[in-house]
$ cat my_file.txt   # compact mmCIF, C-alpha atoms
# COMPACT_ATOMS: atom_id res chain seq x y z
CA MET B 23 17.32 -43.35 -26.70
CA LEU B 24 14.66 -41.25 -24.99
CA VAL B 25 17.01 -38.24 -24.92
CA MET B 26 17.86 -38.73 -28.60
CA ALA B 27 14.16 -38.97 -29.46
CA LEU B 28 13.44 -35.75 -27.60
CA ILE B 29 16.32 -33.95 -29.35
CA THR B 30 15.13 -35.20 -32.74
CA ALA B 31 11.55 -34.16 -31.99
CA CYS B 32 12.65 -30.68 -30.87
CA SER B 33 14.87 -30.30 -33.93
CA SER B 34 12.06 -31.40 -36.23
CA THR B 35 9.59 -29.03 -34.56
CA HIS B 36 12.04 -26.13 -34.87
CA LYS B 37 12.65 -26.91 -38.55
CA GLN B 38 8.90 -27.05 -39.23
CA ALA B 39 8.44 -23.72 -37.42
CA MET B 40 11.19 -22.12 -39.51
CA GLN B 41 9.62 -23.48 -42.72
CA LYS B 42 6.26 -22.00 -41.70
CA GLU B 43 7.82 -18.57 -41.29
CA VAL B 44 8.97 -18.54 -44.94
CA SER B 45 6.05 -17.90 -47.27
CA THR B 46 5.93 -18.43 -51.02
CA ILE B 47 4.93 -15.83 -53.59
CA ASP B 48 3.70 -17.66 -56.68
CA LEU B 49 3.96 -15.73 -59.96
CA THR B 50 4.22 -18.77 -62.22
CA GLU B 51 0.86 -18.13 -63.96
CA ILE B 52 0.90 -14.34 -64.01
CA GLU B 53 -0.71 -12.62 -67.01
CA PHE B 54 -1.27 -8.99 -67.94
CA SER B 55 -4.85 -7.75 -67.65
CA SER B 56 -6.32 -4.55 -69.08
CA THR B 57 -8.74 -4.54 -66.12
CA PRO B 58 -7.27 -2.65 -63.12
CA GLN B 59 -6.62 -4.66 -59.97
CA PRO B 60 -8.76 -3.79 -56.89
CA LEU B 61 -7.01 -1.66 -54.28
CA SER B 62 -8.95 -3.49 -51.57
CA ASP B 63 -6.81 -6.59 -52.16
CA PHE B 64 -4.32 -5.13 -49.71
CA VAL B 65 -5.72 -1.75 -48.54
CA GLU B 66 -8.25 -1.34 -45.72
CA SER B 67 -8.92 2.43 -45.82
CA ILE B 68 -7.53 5.69 -47.24
CA GLU B 69 -6.58 9.03 -45.66
CA TYR B 70 -5.56 12.27 -47.41
CA ILE B 71 -3.17 15.12 -46.56
CA LYS B 72 -3.30 18.36 -48.53
CA LEU B 73 0.09 20.05 -48.98
CA SER B 74 0.46 23.84 -48.88
CA GLU B 75 0.21 25.56 -52.27
CA GLU B 76 3.73 26.96 -51.95
CA PRO B 77 6.42 26.03 -52.75
CA LEU B 78 5.39 24.47 -56.04
CA VAL B 79 5.97 20.73 -56.51
CA THR B 80 5.84 20.04 -60.23
CA ASP B 81 5.87 16.24 -60.57
CA VAL B 82 5.56 13.51 -57.95
CA VAL B 83 7.70 11.08 -59.98
CA LEU B 84 10.72 13.29 -59.24
CA THR B 85 10.07 13.29 -55.48
CA SER B 86 10.68 10.99 -52.53
CA LEU B 87 8.57 11.01 -49.35
CA SER B 88 9.43 10.33 -45.69
CA GLU B 89 7.85 10.89 -42.26
CA ASP B 90 9.72 11.46 -38.98
CA ASN B 91 8.85 10.19 -35.50
CA ASN B 92 6.68 13.27 -34.84
CA GLY B 93 4.62 12.91 -38.00
CA ASN B 94 6.37 15.69 -39.94
CA LEU B 95 6.58 15.01 -43.67
CA TYR B 96 9.66 15.47 -45.87
CA LEU B 97 9.35 15.82 -49.62
CA ASP B 98 12.73 15.34 -51.28
CA VAL B 99 12.79 17.09 -54.66
CA PRO B 100 15.50 18.05 -57.18
CA GLY B 101 17.23 21.10 -55.74
CA GLY B 102 15.29 21.10 -52.46
CA LEU B 103 14.12 19.27 -49.35
CA PHE B 104 10.71 20.49 -48.14
CA LYS B 105 9.51 19.92 -44.57
CA TYR B 106 5.79 19.91 -43.74
CA ALA B 107 3.78 19.65 -40.52
CA PRO B 108 1.64 16.51 -40.10
CA ASP B 109 -1.38 18.35 -41.56
CA GLY B 110 0.57 19.29 -44.72
CA THR B 111 1.40 22.89 -43.75
CA PHE B 112 4.74 23.92 -45.25
CA ILE B 113 7.46 24.62 -42.66
CA LYS B 114 10.66 25.29 -44.60
CA ASN B 115 13.11 24.23 -47.28
CA LEU B 116 15.90 22.54 -45.33
CA ILE B 117 18.68 23.14 -47.84
CA LYS B 118 20.08 25.98 -49.86
CA ILE B 119 21.82 25.56 -53.20
CA GLY B 120 25.01 27.58 -53.60
CA GLN B 121 28.76 27.75 -53.14
CA GLY B 122 28.71 28.79 -49.49
CA PRO B 123 30.45 26.67 -46.82
CA ASN B 124 27.18 25.21 -45.49
CA GLU B 125 25.31 25.11 -48.79
CA ILE B 126 24.73 22.25 -51.24
CA THR B 127 26.50 22.86 -54.52
CA SER B 128 24.42 20.40 -56.55
CA LYS B 129 21.39 18.23 -55.80
CA PRO B 130 19.81 17.15 -59.09
CA VAL B 131 17.80 14.17 -57.78
CA ALA B 132 15.83 13.08 -54.73
CA ASN B 133 18.21 10.72 -52.93
CA SER B 134 18.57 12.07 -49.38
CA VAL B 135 18.99 9.46 -46.63
CA PHE B 136 17.00 9.98 -43.41
CA ASN B 137 17.89 8.85 -39.90
CA PHE B 138 14.93 9.88 -37.80
CA ASP B 139 16.07 8.02 -34.68
CA LYS B 140 19.37 9.94 -34.64
CA GLU B 141 17.60 13.06 -36.01
CA PHE B 142 19.74 13.84 -39.04
CA ILE B 143 19.58 13.75 -42.83
CA LEU B 144 22.42 12.83 -45.15
CA ILE B 145 22.49 14.65 -48.48
CA ASN B 146 24.66 13.64 -51.41
CA ASP B 147 26.41 16.83 -52.51
CA ASN B 148 27.30 15.87 -56.07
CA GLY B 149 29.30 19.04 -56.64
CA ARG B 150 31.71 18.36 -53.78
CA GLY B 151 31.63 14.55 -54.01
CA CYS B 152 30.70 14.22 -50.35
CA TYR B 153 27.83 13.76 -47.93
CA GLN B 154 26.49 16.72 -46.02
CA LYS B 155 24.78 15.97 -42.73
CA ILE B 156 22.04 18.32 -41.53
CA SER B 157 19.58 18.28 -38.63
CA LEU B 158 15.86 17.75 -39.11
CA ASP B 159 15.55 21.55 -38.93
CA GLY B 160 18.14 22.09 -41.67
CA ASP B 161 21.11 23.07 -39.48
CA PHE B 162 24.49 22.09 -40.90
CA LEU B 163 26.22 19.41 -38.81
CA GLU B 164 29.21 18.08 -40.75
CA ARG B 165 30.55 17.04 -44.12
CA THR B 166 31.88 13.55 -44.86
CA ASP B 167 33.99 12.51 -47.84
CA ARG B 168 32.55 9.53 -49.73
CA SER B 169 36.01 8.39 -50.89
CA ILE B 170 38.19 6.12 -48.77
CA ILE B 171 41.85 7.18 -48.98
CA SER B 172 44.78 5.59 -47.15
CA ASN B 173 48.34 6.95 -47.40
CA GLY B 174 47.30 9.05 -50.36
CA GLU B 175 45.88 6.07 -52.25
CA PHE B 176 42.24 5.89 -53.29
CA LEU B 177 40.81 2.56 -52.10
CA GLY B 178 37.17 2.93 -53.03
CA ARG B 179 33.93 4.65 -52.19
CA ARG B 180 31.32 4.18 -49.50
CA ASP B 181 27.75 4.81 -50.65
CA ILE B 182 25.12 5.06 -47.90
CA TYR B 183 21.60 3.99 -48.88
CA ALA B 184 19.50 3.71 -45.72
CA TYR B 185 19.31 4.11 -41.97
CA TRP B 186 17.11 2.06 -39.68
CA LYS B 187 17.16 2.35 -35.91
CA ASN B 188 20.89 2.42 -34.99
CA PHE B 189 22.08 0.80 -38.22
CA GLU B 190 23.53 2.15 -41.44
CA LEU B 191 23.16 0.26 -44.72
CA TYR B 192 25.96 0.98 -47.16
CA LYS B 193 27.70 -0.40 -50.22
CA TRP B 194 31.46 -0.55 -50.59
CA THR B 195 32.80 0.11 -54.11
CA ASN B 196 36.39 -0.93 -54.69
CA GLY B 197 38.88 0.50 -57.16
CA VAL B 198 38.85 3.48 -59.45
CA GLY B 199 36.17 4.11 -62.07
CA LEU B 200 34.16 1.67 -64.14
CA PRO B 201 35.47 -1.50 -65.81
CA ASN B 202 36.59 -1.08 -69.39
CA GLN B 203 34.43 -2.00 -72.37
CA GLY B 204 34.69 -5.73 -73.03
CA GLU B 205 35.55 -6.67 -69.45
CA TYR B 206 33.32 -9.03 -67.45
CA THR B 207 31.93 -7.93 -64.11
CA ASN B 208 29.32 -8.64 -61.49
CA ARG B 209 28.02 -5.23 -60.47
CA ASP B 210 26.45 -6.62 -57.30
CA SER B 211 30.04 -7.43 -56.18
CA LEU B 212 30.92 -10.04 -53.56
CA TYR B 213 28.56 -8.49 -50.99
CA PHE B 214 25.21 -6.93 -51.79
CA PHE B 215 25.58 -4.50 -48.87
CA HIS B 216 27.13 -3.97 -45.42
CA ILE B 217 25.54 -3.02 -42.09
CA LYS B 218 27.24 -0.72 -39.60
CA ASP B 219 26.12 -0.43 -35.97
CA LEU B 220 26.20 3.29 -35.21
CA ASN B 221 26.38 2.68 -31.46
CA THR B 222 29.66 0.77 -31.72
CA ASP B 223 30.88 2.27 -35.02
CA SER B 224 31.58 -1.23 -36.31
CA ASP B 225 30.41 -3.46 -39.16
CA ILE B 226 28.18 -6.26 -37.90
CA TYR B 227 26.76 -7.83 -41.05
CA LYS B 228 27.30 -8.19 -44.78
CA MET B 229 25.06 -10.07 -47.21
CA THR B 230 27.11 -12.41 -49.38
CA ASN B 231 26.34 -12.55 -53.09
CA HIS B 232 26.31 -16.29 -53.85
CA HIS B 233 25.91 -15.43 -57.55
CA PHE B 234 29.17 -13.51 -57.73
CA HIS B 235 30.60 -15.99 -60.26
CA ILE B 236 27.92 -14.88 -62.77
CA LYS B 237 29.25 -11.92 -64.73
CA GLY B 238 28.12 -9.73 -67.59
CA LYS B 239 30.23 -8.18 -70.33
CA ILE B 240 30.59 -4.41 -70.39
CA ILE B 241 29.05 -3.42 -73.72
CA GLY B 242 27.57 0.02 -74.20
CA ASN B 243 26.04 2.04 -71.39
CA TRP B 244 25.51 0.75 -67.88
CA TYR B 245 21.93 0.01 -66.96
CA LYS B 246 20.94 2.13 -63.95
CA HIS B 247 18.34 1.21 -61.36
CA LYS B 248 17.01 3.64 -58.74
CA SER B 249 16.65 0.92 -56.11
CA TYR B 250 20.25 -0.32 -56.43
CA PRO B 251 21.73 -2.20 -54.62
CA ILE B 252 18.56 -3.68 -53.02
CA TYR B 253 14.84 -3.16 -52.68
CA ARG B 254 14.36 -2.24 -49.03
CA GLY B 255 12.07 -0.78 -46.39
CA THR B 256 10.35 -1.24 -43.04
CA LEU B 257 7.89 -4.09 -42.71
CA ASN B 258 6.60 -2.76 -39.37
CA ASP B 259 8.03 -0.85 -36.41
CA THR B 260 10.30 -3.76 -35.42
CA THR B 261 11.24 -5.40 -38.74
CA TYR B 262 13.25 -4.34 -41.78
CA TRP B 263 13.19 -6.15 -45.13
CA VAL B 264 15.61 -6.32 -48.07
CA LYS B 265 15.64 -8.00 -51.47
CA PRO B 266 18.69 -7.96 -53.77
CA LEU B 267 17.45 -6.74 -57.14
CA PHE B 268 17.75 -9.98 -59.11
CA VAL B 269 17.49 -12.59 -56.33
CA ASP B 270 14.13 -14.29 -55.77
CA THR B 271 14.14 -14.10 -51.97
CA VAL B 272 12.95 -11.34 -49.64
CA TYR B 273 14.82 -11.29 -46.32
CA CYS B 274 13.91 -9.68 -43.01
CA THR B 275 15.53 -8.89 -39.67
CA THR B 276 14.85 -7.25 -36.34
CA ASP B 277 18.45 -6.49 -35.35
CA TRP B 278 20.80 -7.62 -38.21
CA THR B 279 22.13 -10.44 -36.02
CA ASN B 280 19.55 -12.80 -37.49
CA VAL B 281 18.66 -12.25 -41.15
CA LYS B 282 16.19 -14.82 -42.45
CA PRO B 283 14.08 -15.44 -45.57
CA LEU B 284 10.59 -13.96 -45.42
CA TYR B 285 9.25 -14.65 -48.92
CA VAL B 286 10.50 -16.93 -51.68
CA ILE B 287 9.26 -15.79 -55.10
CA LYS B 288 8.40 -18.44 -57.68
CA LYS B 289 8.50 -17.30 -61.33
CA ASN B 290 7.69 -19.14 -64.54
CA LYS B 291 10.57 -21.04 -66.14
CA ASP B 292 10.97 -18.58 -69.02
CA ALA B 293 11.16 -15.45 -66.86
CA ALA B 294 14.45 -13.57 -66.57
CA ASP B 295 16.81 -15.08 -64.01
CA TYR B 296 19.87 -13.65 -62.27
CA GLU B 297 22.19 -14.41 -65.20
CA TRP B 298 19.91 -12.68 -67.74
CA GLU B 299 19.48 -9.62 -65.53
CA MET B 300 23.21 -9.39 -64.84
CA LYS B 301 23.90 -9.30 -68.59
CA LEU B 302 21.52 -6.36 -68.98
CA PHE B 303 22.84 -4.71 -65.81
CA ALA B 304 26.41 -4.90 -67.12
CA GLY B 305 25.70 -3.11 -70.38
CA SER B 306 22.91 -2.16 -72.73
CA GLY B 307 24.64 -3.91 -75.65
CA ASN B 308 24.22 -7.38 -74.12
CA VAL B 309 20.51 -7.62 -74.82
CA THR B 310 18.68 -6.70 -78.02
CA TRP B 311 15.43 -4.75 -77.97
CA ASN B 312 13.48 -7.83 -79.12
CA GLU B 313 15.00 -9.93 -76.34
CA MET B 314 14.13 -7.30 -73.75
CA LYS B 315 10.72 -6.57 -75.23
CA ASN B 316 9.44 -10.14 -74.99
CA LYS B 317 11.10 -11.28 -71.77
CA ASP B 318 9.01 -11.83 -68.64
CA ARG B 319 10.69 -9.89 -65.84
CA LEU B 320 9.93 -9.28 -62.19
CA ASN B 321 10.92 -5.70 -61.49
CA ASP B 322 10.31 -3.59 -58.39
CA VAL B 323 9.09 -5.25 -55.19
CA MET B 324 7.65 -3.83 -51.97
CA ALA B 325 7.26 -6.33 -49.13
CA LEU B 326 4.16 -6.07 -46.94
CA GLU B 327 3.29 -8.06 -43.84
CA ASN B 328 0.74 -10.14 -45.75
CA GLY B 329 2.40 -10.40 -49.17
CA ILE B 330 4.16 -8.27 -51.77
CA LEU B 331 3.41 -5.49 -54.22
CA PHE B 332 5.31 -6.17 -57.42
CA CYS B 333 5.97 -4.65 -60.82
CA TYR B 334 6.03 -7.02 -63.76
CA LEU B 335 7.12 -6.66 -67.39
CA GLN B 336 5.64 -9.11 -69.87
CA GLU B 337 5.77 -7.37 -73.20
CA LEU B 338 7.22 -3.87 -73.63
CA PRO B 339 5.81 -1.31 -73.81
CA ASP B 340 2.16 -2.40 -73.49
CA LYS B 341 2.05 -5.27 -71.02
CA THR B 342 3.67 -3.75 -67.96
CA GLY B 343 2.09 -3.07 -64.61
CA THR B 344 1.68 -3.84 -60.95
CA GLY B 345 0.02 -6.54 -58.87
CA PHE B 346 -0.39 -7.85 -55.35
CA CYS B 347 0.30 -11.41 -54.27
CA PRO B 348 -0.66 -12.59 -50.77
CA ALA B 349 1.75 -14.67 -48.73
CA ASN B 350 1.47 -18.34 -49.73
CA GLY B 351 -0.89 -17.29 -52.51
CA LYS B 352 -0.81 -17.24 -56.29
CA ALA B 353 -1.12 -14.03 -58.31
CA LYS B 354 -2.94 -14.52 -61.60
CA ALA B 355 -2.96 -10.95 -62.98
CA PHE B 356 -1.19 -7.60 -63.00
CA SER B 357 -2.41 -4.33 -64.51
CA GLN B 358 -1.24 -0.82 -65.20
CA LEU B 359 -3.50 0.59 -62.48
CA PHE B 360 -5.08 -0.25 -59.14
CA LYS B 361 -8.71 0.86 -59.11
CA ASN B 362 -10.16 2.53 -56.04
CA ASP B 363 -12.96 0.33 -54.69
CA ILE B 364 -12.71 1.78 -51.16
CA ASP B 365 -13.95 5.39 -51.23
CA GLU B 366 -15.17 8.07 -53.66
CA TYR B 367 -12.01 10.20 -53.75
CA CYS B 368 -8.85 8.33 -54.67
CA PRO B 369 -8.10 8.10 -58.41
CA PRO B 370 -6.82 4.89 -60.02
CA LEU B 371 -3.21 4.52 -58.88
CA ASP B 372 -0.18 3.77 -61.02
CA LEU B 373 1.82 2.37 -58.11
CA GLY B 374 4.32 0.74 -60.45
CA ASN B 375 5.60 4.09 -61.70
CA LEU B 376 5.95 5.33 -58.12
CA MET B 377 7.74 2.13 -57.05
CA LEU B 378 10.10 2.36 -60.03
CA ASN B 379 11.11 5.86 -58.97
CA ARG B 380 11.30 5.07 -55.22
CA VAL B 381 8.58 7.58 -54.39
CA LEU B 382 6.52 5.44 -52.01
CA PHE B 383 7.16 5.34 -48.26
CA GLN B 384 5.99 2.59 -45.90
CA LYS B 385 5.62 3.05 -42.15
CA GLU B 386 3.66 1.39 -39.35
CA GLY B 387 1.02 -0.22 -41.53
CA TYR B 388 0.65 2.58 -44.09
CA ILE B 389 1.95 3.30 -47.57
CA TYR B 390 2.35 7.02 -48.29
CA ALA B 391 1.92 8.04 -51.94
CA PRO B 392 2.05 11.63 -53.28
CA ILE B 393 -0.50 11.94 -56.10
CA ASN B 394 -0.70 14.85 -58.54
CA ALA B 395 -3.76 17.00 -57.78
CA PHE B 396 -5.16 16.92 -61.31
CA LYS B 397 -5.67 13.15 -60.97
CA PHE B 398 -8.51 13.82 -58.51
CA PHE B 399 -10.45 15.60 -61.26
CA GLU B 400 -10.37 12.68 -63.68
CA GLU B 401 -13.16 10.17 -64.17
CA GLY B 402 -13.73 7.87 -61.21
CA ALA B 403 -12.20 10.25 -58.64
CA LYS B 404 -13.29 13.24 -56.57
CA PRO B 405 -11.30 16.02 -54.80
CA PRO B 406 -11.02 15.14 -51.08
CA PHE B 407 -10.74 18.86 -50.20
CA PRO B 408 -13.16 21.64 -51.31
CA ASP B 409 -10.36 24.09 -52.14
CA LEU B 410 -8.29 21.60 -54.18
CA THR B 411 -7.72 22.59 -57.81
CA GLU B 412 -6.09 20.84 -60.74
CA ASP B 413 -3.08 23.13 -60.27
CA SER B 414 -2.71 22.45 -56.54
CA ASN B 415 0.31 20.74 -55.10
CA PRO B 416 0.18 16.93 -54.80
CA VAL B 417 -2.06 15.26 -52.23
CA ILE B 418 -0.48 12.72 -49.89
CA VAL B 419 -2.56 9.53 -50.06
CA LYS B 420 -2.16 7.28 -47.00
CA LEU B 421 -3.11 3.70 -47.74
CA LYS B 422 -3.85 1.77 -44.57
CA LEU B 423 -2.70 -1.79 -45.20
CA LYS B 424 -4.69 -4.83 -44.28
CA LYS B 425 -3.23 -6.71 -41.35
CA LYS B 426 -1.62 -10.08 -41.70
CA GLU B 427 -4.09 -12.89 -41.16
CA THR B 428 -3.27 -14.97 -38.10
CA GLN B 429 -3.08 -18.71 -38.50

$ encode --input "my_file.txt" --output "structure tokens"
Amino acid sequence: MLVMALITACSSTHKQAMQKEVSTIDLTEIEFSSTPQPLSDFVESIEYIKLSEEPLVTDVVLTSLSEDNNGNLYLDVPGGLFKYAPDGTFIKNLIKIGQGPNEITSKPVANSVFNFDKEFILINDNGRGCYQKISLDGDFLERTDRSIISNGEFLGRRDIYAYWKNFELYKWTNGVGLPNQGEYTNRDSLYFFHIKDLNTDSDIYKMTNHHFHIKGKIIGNWYKHKSYPIYRGTLNDTTYWVKPLFVDTVYCTTDWTNVKPLYVIKKNKDAADYEWEMKLFAGSGNVTWNEMKNKDRLNDVMALENGILFCYLQELPDKTGTGFCPANGKAKAFSQLFKNDIDEYCPPLDLGNLMLNRVLFQKEGYIYAPINAFKFFEEGAKPPFPDLTEDSNPVIVKLKLKKKETQ
């Protein structure tokens, strides 16, 4: 009896510890506010990096930002991949567009995949239908076909979305082409994604879609989302997080052998659920403009150590914006902008637009955000550099995140 009591006590303690690790994110009473949210809710301080004036970067919304292990910055832009020193000095364009053997035939969008631990970059060469692997200095390494063919038969396509440490996150697409109009499908498929261990060249994990039985009818155009198949990123230097687009749980892992819930998001009862989102995801004809316009919807999410940044749609097109909710807290408001209440330089930030377009980059307690230079000349802001002009290239704003409060 004593042994059984000890086992029960240990089991109960372990269960309580596991429950403590999972925090709630309460959005049940969220309302749009015309008053910007304070940046200091989740940001401790701000740093600025001025990019070289050449080459010209026309619009930050079309870019994607990354930083390697040596602090070099990479600005992924349509038709180019610009490398900068840590102080923002331009180094080189890592790719060349053309028909040559080691050139990229077509790169219309910013969707390169970086593996800084293995020191390579994977570029989707749309013209050739393959991936081109280059070094961090732009040297051609190899070309990999995205299609999986066996005995002359096309079996599907392997789309690679992220690298972290020695792991590759990819999505397997079966069959040929899209379903026909009128067919029912679950675009998330049976597994949201797969994980491959690059050291052993073997698959070690796949996240099952327990909503696979929920399907949407193919009517009209497919709804496209830049974060498909999952919201994702680094929580800190040892932890990676993922959230399937329409599932209300954020998961985290340190090695992909143990994937556990980090945040459970609570929404109001009338907000869009997985079934509603899957209908829209399957085809634009499934949902009328009035239905979409007036539906509460949680959109993009970025997990932080002490809560989440989130985009929310309450009434299109006016009541859309971004908010922050602390772990085990309740968010009451979201707004179009975050106001700078930290220093005299940073302009009000439309983080939602940057999140929607996968522009933001999170690393080791910072969020990196490229901000158009002219924003620093608007009311409530000030240029952080004396030689900055409205026509200058974007400024990299580094938001130092507040640390997680210890219990």

$ closest_atom_pairs --input "my_file.txt" --of "stretch 23-141 of chain B" --to "stretch 181-185 of chain B" --cutoff "12 Å" --atoms "all atoms listed in the file" --output "JSON lines"
{"residue": "B:Asn133", "atom": "CA", "partner": "B:Tyr183", "partner_atom": "CA", "distance": 8.6}
{"residue": "B:Ser134", "atom": "CA", "partner": "B:Tyr183", "partner_atom": "CA", "distance": 8.6}
{"residue": "B:Val135", "atom": "CA", "partner": "B:Ala184", "partner_atom": "CA", "distance": 5.8}
{"residue": "B:Phe136", "atom": "CA", "partner": "B:Tyr185", "partner_atom": "CA", "distance": 6.5}
{"residue": "B:Asn137", "atom": "CA", "partner": "B:Tyr185", "partner_atom": "CA", "distance": 5.4}
{"residue": "B:Phe138", "atom": "CA", "partner": "B:Tyr185", "partner_atom": "CA", "distance": 8.4}
{"residue": "B:Asp139", "atom": "CA", "partner": "B:Tyr185", "partner_atom": "CA", "distance": 8.9}
{"residue": "B:Lys140", "atom": "CA", "partner": "B:Tyr185", "partner_atom": "CA", "distance": 9.4}
{"residue": "B:Glu141", "atom": "CA", "partner": "B:Tyr185", "partner_atom": "CA", "distance": 10.9}

$ write_last_selection --input "my_file.txt" --atoms "C-alpha atoms" --output "compact mmCIF listing (two decimals), in the frame of the given file"
# COMPACT_ATOMS: atom_id res chain seq x y z
CA ASN B 133 18.21 10.72 -52.93
CA SER B 134 18.57 12.07 -49.38
CA VAL B 135 18.99 9.46 -46.63
CA PHE B 136 17.00 9.98 -43.41
CA ASN B 137 17.89 8.85 -39.90
CA PHE B 138 14.93 9.88 -37.80
CA ASP B 139 16.07 8.02 -34.68
CA LYS B 140 19.37 9.94 -34.64
CA GLU B 141 17.60 13.06 -36.01

$ residues_around --input "my_file.txt" --residues "B:Phe396" --least-positions-apart "5" --cutoff "8 Å" --atoms "only C-alpha atoms" --output "short mmCIF file (atom, residue, chain, number, x, y, z; two decimals) with C-alpha atoms, in the coordinates of the input"
data_model
loop_
_atom_site.label_atom_id
_atom_site.label_comp_id
_atom_site.auth_asym_id
_atom_site.auth_seq_id
_atom_site.Cartn_x
_atom_site.Cartn_y
_atom_site.Cartn_z
CA THR B 411 -7.72 22.59 -57.81
CA GLU B 412 -6.09 20.84 -60.74
CA ASP B 413 -3.08 23.13 -60.27
CA SER B 414 -2.71 22.45 -56.54
#

$ residues_around --input "my_file.txt" --residues "B:Glu51" --least-positions-apart "2" --cutoff "9 Å" --atoms "all atoms listed in the file" --output "JSON, numbers by chain"
{"B": [48, 49, 53, 289, 290, 352, 353, 354, 355]}

$ write_last_selection --input "my_file.txt" --atoms "C-alpha atoms" --output "mmCIF file, in the frame of the given file"
data_model
loop_
_atom_site.group_PDB
_atom_site.id
_atom_site.type_symbol
_atom_site.label_atom_id
_atom_site.label_comp_id
_atom_site.auth_asym_id
_atom_site.auth_seq_id
_atom_site.Cartn_x
_atom_site.Cartn_y
_atom_site.Cartn_z
ATOM 1 C CA ASP B 48 3.700 -17.660 -56.680
ATOM 2 C CA LEU B 49 3.960 -15.730 -59.960
ATOM 3 C CA GLU B 53 -0.710 -12.620 -67.010
ATOM 4 C CA LYS B 289 8.500 -17.300 -61.330
ATOM 5 C CA ASN B 290 7.690 -19.140 -64.540
ATOM 6 C CA LYS B 352 -0.810 -17.240 -56.290
ATOM 7 C CA ALA B 353 -1.120 -14.030 -58.310
ATOM 8 C CA LYS B 354 -2.940 -14.520 -61.600
ATOM 9 C CA ALA B 355 -2.960 -10.950 -62.980
#

$ atom_distance --input "my_file.txt" --atom1 "atom CA of B:Phe104" --atom2 "atom CA of B:Leu87"
9.8 Å

$ closest_residue --input "my_file.txt" --among "B:Ile217, B:Leu338, B:Thr222, B:Asn350" --to "B:Leu284" --atoms "only C-alpha atoms"
B:Asn350

$ atom_distance --input "my_file.txt" --atom1 "atom CA of B:Lys385" --atom2 "atom CA of B:Phe332"
17.8 Å

$ atom_distance --input "my_file.txt" --atom1 "atom CA of B:Phe214" --atom2 "atom CA of B:Leu267"
9.4 Å

$ closest_residue --input "my_file.txt" --among "B:Asn280, B:Asn362, B:Asn379, B:Thr127" --to "B:Val419" --atoms "all atoms listed in the file"
B:Asn362

$ closest_residue --input "my_file.txt" --among "B:Leu212, B:Lys317, B:Asp225, B:His232" --to "B:Lys291" --atoms "only C-alpha atoms"
B:Lys317

$ residues_around --input "my_file.txt" --residues "B:Phe54" --least-positions-apart "2" --cutoff "8 Å" --atoms "only C-alpha atoms" --output "PyMOL selection string"
chain B and resi 52+56+336+341-343+355-357

$ residues_near_point --input "my_file.txt" --point "(29.5, 16.7, -54.9)" --cutoff "9 Å" --atoms "only C-alpha atoms" --output "ChimeraX atom specification"
/B:126-129,146-153

$ closest_residue --input "my_file.txt" --among "B:Gly305, B:Pro60, B:Gly204, B:Pro251" --to "B:Leu191" --atoms "all atoms listed in the file"
B:Pro251

$ residues_around --input "my_file.txt" --residues "stretch 404-408 of chain B" --least-positions-apart "4" --cutoff "8 Å" --atoms "all atoms listed in the file" --output "ChimeraX atom specification"
/B:70,72,366-369,398-400

$ closest_residue --input "my_file.txt" --among "B:Asp372, B:Asp295, B:Glu190, B:Glu89" --to "B:Lys228" --atoms "only C-alpha atoms"
B:Glu190

$ residues_around --input "my_file.txt" --residues "B:Asn328" --least-positions-apart "6" --cutoff "9 Å" --atoms "all atoms listed in the file" --output "PyMOL selection string"
chain B and resi 64+347-349+424-427

$ closest_residue --input "my_file.txt" --among "B:Lys397, B:His235, B:Lys361, B:Arg180" --to "B:Ser211" --atoms "all atoms listed in the file"
B:His235

$ axis_aligned_box --input "my_file.txt" --around "stretch 298-312 of chain B" --padding-each-side "8 Å" --output "JSON"
{"center_x": 19.9, "center_y": -7.4, "center_z": -72.0, "size_x": 28.9, "size_y": 26.5, "size_z": 30.3}

$ decode --input "my_file.txt" --residues "stretch 281-287 of chain B" --atoms "N, CA and C atoms" --output "short mmCIF file (atom, residue, chain, number, x, y, z; two decimals), in the first residue's frame"
data_model
loop_
_atom_site.label_atom_id
_atom_site.label_comp_id
_atom_site.auth_asym_id
_atom_site.auth_seq_id
_atom_site.Cartn_x
_atom_site.Cartn_y
_atom_site.Cartn_z
N VAL B 281 7.33 16.39 -28.28
CA VAL B 281 6.61 17.58 -28.73
C VAL B 281 5.41 17.76 -27.80
N LYS B 282 5.34 18.89 -27.12
CA LYS B 282 4.30 19.07 -26.10
C LYS B 282 3.60 20.41 -26.28
N PRO B 283 2.36 20.52 -25.78
CA PRO B 283 1.65 21.80 -25.84
C PRO B 283 2.36 22.85 -25.00
N LEU B 284 2.44 24.06 -25.53
CA LEU B 284 3.00 25.20 -24.82
C LEU B 284 1.90 26.16 -24.41
N TYR B 285 1.04 26.52 -25.37
CA TYR B 285 -0.08 27.42 -25.11
C TYR B 285 -1.35 26.83 -25.69
N VAL B 286 -2.43 26.93 -24.95
CA VAL B 286 -3.76 26.59 -25.45
C VAL B 286 -4.54 27.89 -25.56
N ILE B 287 -5.03 28.20 -26.76
CA ILE B 287 -5.70 29.46 -27.03
C ILE B 287 -7.21 29.30 -26.88
#
